[in-house]
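Report on the following structure.
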Amino acid sequence: MVNVLNAARELMYREALNEALKEEMDRDDKVFIMGEGIAERGGSYKVTEGLLEQFGSKRVFDTPISENGFTGAGVGAALTGMRPVVEILFVDFTMLILDQLINQAAKFRFMSGNTARVPMVLRTQGGVGNGLAAQHSQSLEAIFYHIPGLKLVMPSTPFDAKGLLKAAIRCDDPVIFIEHKLLYMNKGEVPEEEYIIPLGQADIKKEGKDLTIIAWSGMVPKVMEAAEILMKEGINAEVIDPRSLVPLDKMTIINSVKKTEHVLIVQEAVRRGGVGSDISSIIQEEAFDYLDSPVKILGGLNIPCPFNLNLEKMVVPQVEDIVRAAKEVVYSE
Amino acid sequence: MVSLYTTMYKIRNFEEQAIKLYRQGHIRGYFHPYLGEEAIATGVCAAMDGKDYITSTHRGHGHCLAWGADLKIMFAELLGKENGYCKGLGGSMHIADYTKNNLGANGIVGSGVPIAVGAALGISIRKEKQMVSTFVSDGGSNIGSFLEGLNLAAAWKLPVLFVIENNQYAVSTRIEDSTAETELYKRGIGFGLESVRLDGNDVLEVHKIAKSFIERCKNGEGPFLMECVTFRKSGHHVNDPGLYLPKEKVDYYKLHDPLLIGKKHLIELAGLSEIDIVEIEKVAMAEIKAAIDFAIKSPEMSEENFLKFVEEY
């Protein structure tokens with residue numbers, strides 16, 4: 001099910017995000033964006049390039065380095081009718097804003113008895129890059145996944161990035177939108193016409209019958225590469241990208257498991273306490289009888305990320321690790 | 001002045017009655033009384049209009065009532081009833097009324113401040129003539145959220161009035177042990193805000209200064225900060241007897257009480273008699289009693305309604 005409306009032009013992931021912001025700001029003057037170096041500089045990854053010129057400094061502006069403060073300002077603006085898109089430079093820095101996200105944004109709707117809504121998008125980026133070391137390389141989605149009241153989106157392609165960011169901006173609840181720093185320059189087809197991808201719809205990136213591989217964000221291109229290698233070796237893997245982890249499209253996952261009877265979950269985040277563990281437990285609860293072998297999770301090592309590039313490669317799953325793990329799952333009987 | 005006094009009287013007696021209900025087991029959980037600080041919420045909120053916004057604190061009943069909350073719905077929320085402000089899902093520390101621009105009490109000290117700044121940011125983007133008052137305590141003035149919020153509001157010239165309720169204690173820790181600069185209005189000056197320190201127990205003084213700052217906020221001159229010096233007449237919460245509060249302070253503030261000062265103003269400035277005041281108090285008390293009755297008789301959310309409520313989560 002490749003989502004292509006009209007076989008179309010190619011855009012980079014960062015350009016697709018930029019287009020989503022532009023279209024939504026154009027459509028709704030309640031949408032505004034703030035973050036560190038996002039206005040004149042256009043953001044570290046050029047996602048917000050050109051928006052200041054088009055929408056002016058009232059709706060596109062830089063913040064001081066006070067993440068908790070300006071995220072809280074986003075929450076307050078959202079509570080009072082605006083639709084802020086707040087950018088946090090690195091997911092690592094979201095550790096500074098957990099009060100405003102977890103104690104505030106995630107709670108208001110519930111604890112007000114549904115009278116408050118917080119339609120805020122928090123855009124950030126994570127994952128291992130090229131030697132950014134332990135404080136700029138983390139995958140922290142499990143923290144947000146754990147918190148009721150937050151939605152969590154992690155797109156892997158330009159097409160998904162654009163359609164999901166538009167849906168996130170229109171969502172009436174806080175959405176944590178985590179991009180991957182190695183994906184910004186990746187190209188993919190993005191149609192000219194407007195489209196939206198609803199949150200909670202997984203995408204089958206490749207159909208197959210022998211094994212279900214579940215992966216998201218930066219792991220998807222690696223899994224796709226691994227799937228090609230596996231194909232040559234006689235294993236036809238189905239690749240599922242949940243795209244949004246909250247809400248999670250359980251149905252697509254379970255249906256695939258029922259078909260392939262083998263599951264590998266690949267996550268870049270450290271193995272311990274990750275989203276993969278929860279997806280695995282859902283599969284075992286809902287499709288245990290269909291499984292031919294135990295669900296396997298391939299995750300990052302339970303250590304901080306090293307600076308040295310060769311060592312960095314060792315701590316997160318690589319293509320050859322995925323191929324090896326897939327074979328273990330399929331041939332385990 | 002009559003309405004200022006009435007509001008303070010209602011806040012005082014709402015809380016004293018609520019404490020009784022707490023002791024009787026009608027109210028559970030945490031409950032942080034605003035006793036002794038009534039003049040601040042009253043003076044500030046009376047200078048605002050309904051299109052403006054407030055954010056409150058964990059000690060928030062006074063702000064809600066001064067903002068015009070309905071006593072019946074307030075009590076219903078404290079008792080955890082379905083017709084309370086938050087359907088009984090929020091309770092004392094989370095009372096809010098988003099339909100009337102009360103952005104709520106907050107269980108996390110200082111966290112309402114950035115939220116207030118955000119509401120003001122929205123106002124500034126929409127170019128509207130509104131403003132936001134954010135209440136914070138002396139304890140809250142030490143947390144990053146407050147300091148970041150001050151800086152953001154000042155850097156972006158937002159229509160925010162920061163109201164520090166300096167009740168001299170953070171839970172049980174004296175302000176002198178919390179900070180080397182106990183005149184907290186100076187924090188505002190440090191960030192470039194026009195800031196003043198005043199007697200937070202004199203409702204007329206609070207009101208006068210708030211009124212001027214609020215008008216100036218709406219003329220685009222904000223933000224401003226006012227440090228209202230006051231004293232918490234009780235412990236940190238209803239189960240804290242506050243034994244650490246020194247006797248000389250307790251005695252001083254027994255006389256320097258916002259309601260006594262307010263009563264003096266009523267007699268000296270508004271020309272009311274003791275009998276007039278008793279009459280005002282009688283009417284307010286009857287309203288409080290009726291509200292308690294309403295709340296006690298109100299139903300809690302049923303399991304069925306709760307499951308329906310959480311379906312979307």
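Letters for chains follow the order of the structure tokens (A, B, ...), residue numbers begin at 1 for each chain, and ligand numbers begin at 1 in the order shown.
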Handout entry: Non-local contacts of Leu79 of chain A (9 Å; only C-alpha atoms; under 5 positions in same chain excluded) as a list in words
Key =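 Those residues are Gly74, Ala105, Phe108, Ala116, Arg117, Val118, Pro119 and Met120 of chain A; Tyr98, Leu103, Ile115, Gly118 and Ala119 of chain B.
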DSSP alpha helix (DSSP H) residues within segment 57-297 of chain B, as a ChimeraX atom specification: /B:61-67,71-78,112-126,144-155,175-178,185-190,203-218,247-255,258-268,274-297
- Query: Can you list, as a list in words, every protein, DNA or RNA residue that comes within 6 Å of segment 202-212 of chain A when you count only C-alpha atoms, leaving out same-chain residues fewer than 4 positions away?
  - Reply: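 Residues near the query, excluding close chain neighbours: Asn236, Ala237, Glu238, Val239, Ile240, Asp241, Pro242, Arg243, Asp249, Thr260, His262 and Val263 of chain A.
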From segment 117-285 of chain A, collect each residue whose DSSP state is strand (DSSP E) and return the set as a ChimeraX atom specification.
/A:121-126,151-153,175-180,187-189,203-206,211-215,237-241,244-246,263-270
Take the residues just selected and output them with N, CA and C atoms as a CSV table (one decimal), in the first residue's frame.
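What landed in result-v7.csv:
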chain,number,residue,atom,x,y,z
A,121,VAL,N,1.5,21.4,18.9
A,121,VAL,CA,2.4,20.4,18.4
A,121,VAL,C,3.8,20.7,18.9
A,122,LEU,N,4.5,19.7,19.4
A,122,LEU,CA,5.8,19.9,19.8
A,122,LEU,C,6.7,19.1,18.8
A,123,ARG,N,7.4,19.9,17.9
A,123,ARG,CA,8.3,19.3,16.9
A,123,ARG,C,9.7,19.2,17.5
A,124,THR,N,10.3,18.0,17.4
A,124,THR,CA,11.7,17.9,17.8
A,124,THR,C,12.3,16.8,17.0
A,125,GLN,N,13.6,16.6,17.2
A,125,GLN,CA,14.3,15.5,16.4
A,125,GLN,C,15.2,14.7,17.3
A,126,GLY,N,15.3,13.5,17.0
A,126,GLY,CA,16.1,12.6,17.8
A,126,GLY,C,16.9,11.6,17.0
A,151,LYS,N,-0.2,12.6,22.2
A,151,LYS,CA,-0.1,11.8,21.0
A,151,LYS,C,1.4,11.8,20.6
A,152,LEU,N,1.8,10.7,19.9
A,152,LEU,CA,3.2,10.6,19.6
A,152,LEU,C,3.3,10.1,18.1
A,153,VAL,N,4.0,11.0,17.3
A,153,VAL,CA,4.2,10.7,15.9
A,153,VAL,C,5.6,10.7,15.5
A,175,VAL,N,0.5,17.0,20.6
A,175,VAL,CA,1.1,15.9,19.8
A,175,VAL,C,2.7,16.1,19.9
A,176,ILE,N,3.4,15.1,20.3
A,176,ILE,CA,4.8,15.1,20.2
A,176,ILE,C,5.2,14.5,18.9
A,177,PHE,N,5.9,15.3,18.1
A,177,PHE,CA,6.2,15.0,16.7
A,177,PHE,C,7.7,14.9,16.6
A,178,ILE,N,8.2,13.6,16.6
A,178,ILE,CA,9.7,13.5,16.6
A,178,ILE,C,10.2,13.1,15.2
A,179,GLU,N,11.0,14.0,14.7
A,179,GLU,CA,11.7,13.7,13.4
A,179,GLU,C,13.0,13.0,13.7
A,180,HIS,N,13.6,12.5,12.6
A,180,HIS,CA,15.0,11.9,12.8
A,180,HIS,C,16.0,12.7,12.1
A,187,LYS,N,15.0,11.8,0.2
A,187,LYS,CA,14.0,12.2,-0.7
A,187,LYS,C,12.9,11.2,-0.9
A,188,GLY,N,11.7,11.6,-1.3
A,188,GLY,CA,10.6,10.7,-1.5
A,188,GLY,C,9.5,11.4,-2.2
A,189,GLU,N,8.6,10.6,-2.8
A,189,GLU,CA,7.5,11.3,-3.5
A,189,GLU,C,6.5,12.0,-2.6
A,203,ASP,N,1.4,2.2,8.2
A,203,ASP,CA,1.6,2.0,6.8
A,203,ASP,C,2.4,0.7,6.5
A,204,ILE,N,1.9,-0.1,5.6
A,204,ILE,CA,2.7,-1.3,5.2
A,204,ILE,C,3.7,-0.8,4.2
A,205,LYS,N,5.0,-0.7,4.6
A,205,LYS,CA,6.0,-0.1,3.7
A,205,LYS,C,6.4,-1.2,2.6
A,206,LYS,N,6.2,-2.4,3.0
A,206,LYS,CA,6.5,-3.5,2.0
A,206,LYS,C,5.6,-4.7,2.4
A,211,LEU,N,7.5,-12.9,7.4
A,211,LEU,CA,7.9,-12.3,8.7
A,211,LEU,C,7.4,-10.9,8.7
A,212,THR,N,6.9,-10.4,9.9
A,212,THR,CA,6.5,-9.0,10.1
A,212,THR,C,7.6,-8.3,10.8
A,213,ILE,N,8.2,-7.2,10.1
A,213,ILE,CA,9.1,-6.4,10.8
A,213,ILE,C,8.5,-5.1,11.1
A,214,ILE,N,8.5,-4.7,12.4
A,214,ILE,CA,7.8,-3.4,12.8
A,214,ILE,C,9.0,-2.5,13.1
A,215,ALA,N,8.9,-1.3,12.5
A,215,ALA,CA,10.0,-0.3,12.8
A,215,ALA,C,9.4,1.1,12.5
A,237,ALA,N,9.8,-10.5,3.8
A,237,ALA,CA,9.4,-9.8,5.0
A,237,ALA,C,8.3,-8.7,4.7
A,238,GLU,N,7.4,-8.6,5.6
A,238,GLU,CA,6.4,-7.5,5.5
A,238,GLU,C,6.9,-6.4,6.5
A,239,VAL,N,7.0,-5.2,6.0
A,239,VAL,CA,7.5,-4.1,6.8
A,239,VAL,C,6.4,-3.1,7.2
A,240,ILE,N,6.2,-3.0,8.5
A,240,ILE,CA,5.1,-2.1,9.0
A,240,ILE,C,5.7,-1.0,9.8
A,241,ASP,N,5.3,0.2,9.4
A,241,ASP,CA,5.7,1.4,10.1
A,241,ASP,C,4.5,2.0,10.8
A,244,SER,N,2.4,6.6,13.7
A,244,SER,CA,2.1,7.3,15.0
A,244,SER,C,2.1,6.1,16.1
A,245,LEU,N,2.8,6.3,17.1
A,245,LEU,CA,2.9,5.3,18.2
A,245,LEU,C,1.8,5.5,19.2
A,246,VAL,N,1.3,6.7,19.3
A,246,VAL,CA,0.0,7.0,20.1
A,246,VAL,C,-0.8,7.9,19.2
A,263,VAL,N,7.6,-12.3,14.1
A,263,VAL,CA,7.7,-10.9,14.3
A,263,VAL,C,9.1,-10.5,14.8
A,264,LEU,N,9.6,-9.4,14.1
A,264,LEU,CA,10.8,-8.8,14.6
A,264,LEU,C,10.4,-7.3,14.8
A,265,ILE,N,10.7,-6.8,15.9
A,265,ILE,CA,10.5,-5.3,16.2
A,265,ILE,C,11.9,-4.7,16.2
A,266,VAL,N,12.1,-3.6,15.5
A,266,VAL,CA,13.4,-3.0,15.4
A,266,VAL,C,13.2,-1.5,16.0
A,267,GLN,N,13.9,-1.2,17.1
A,267,GLN,CA,13.9,0.1,17.6
A,267,GLN,C,15.3,0.7,17.8
A,268,GLU,N,15.4,1.9,17.5
A,268,GLU,CA,16.7,2.6,17.7
A,268,GLU,C,17.0,2.9,19.1
A,269,ALA,N,15.9,3.1,19.9
A,269,ALA,CA,16.0,3.4,21.3
A,269,ALA,C,16.6,2.3,22.0
A,270,VAL,N,17.2,2.5,23.2
A,270,VAL,CA,17.8,1.4,24.0
A,270,VAL,C,16.7,0.4,24.2
Quick one: which residues from chain B are at most 9 Å off chain A, using only C-alpha atoms, as a PyMOL selection string?
chain B and resi 85-91+94-99+101+103-104+106-108+111-126+144-149+151-152+155+309-310+313
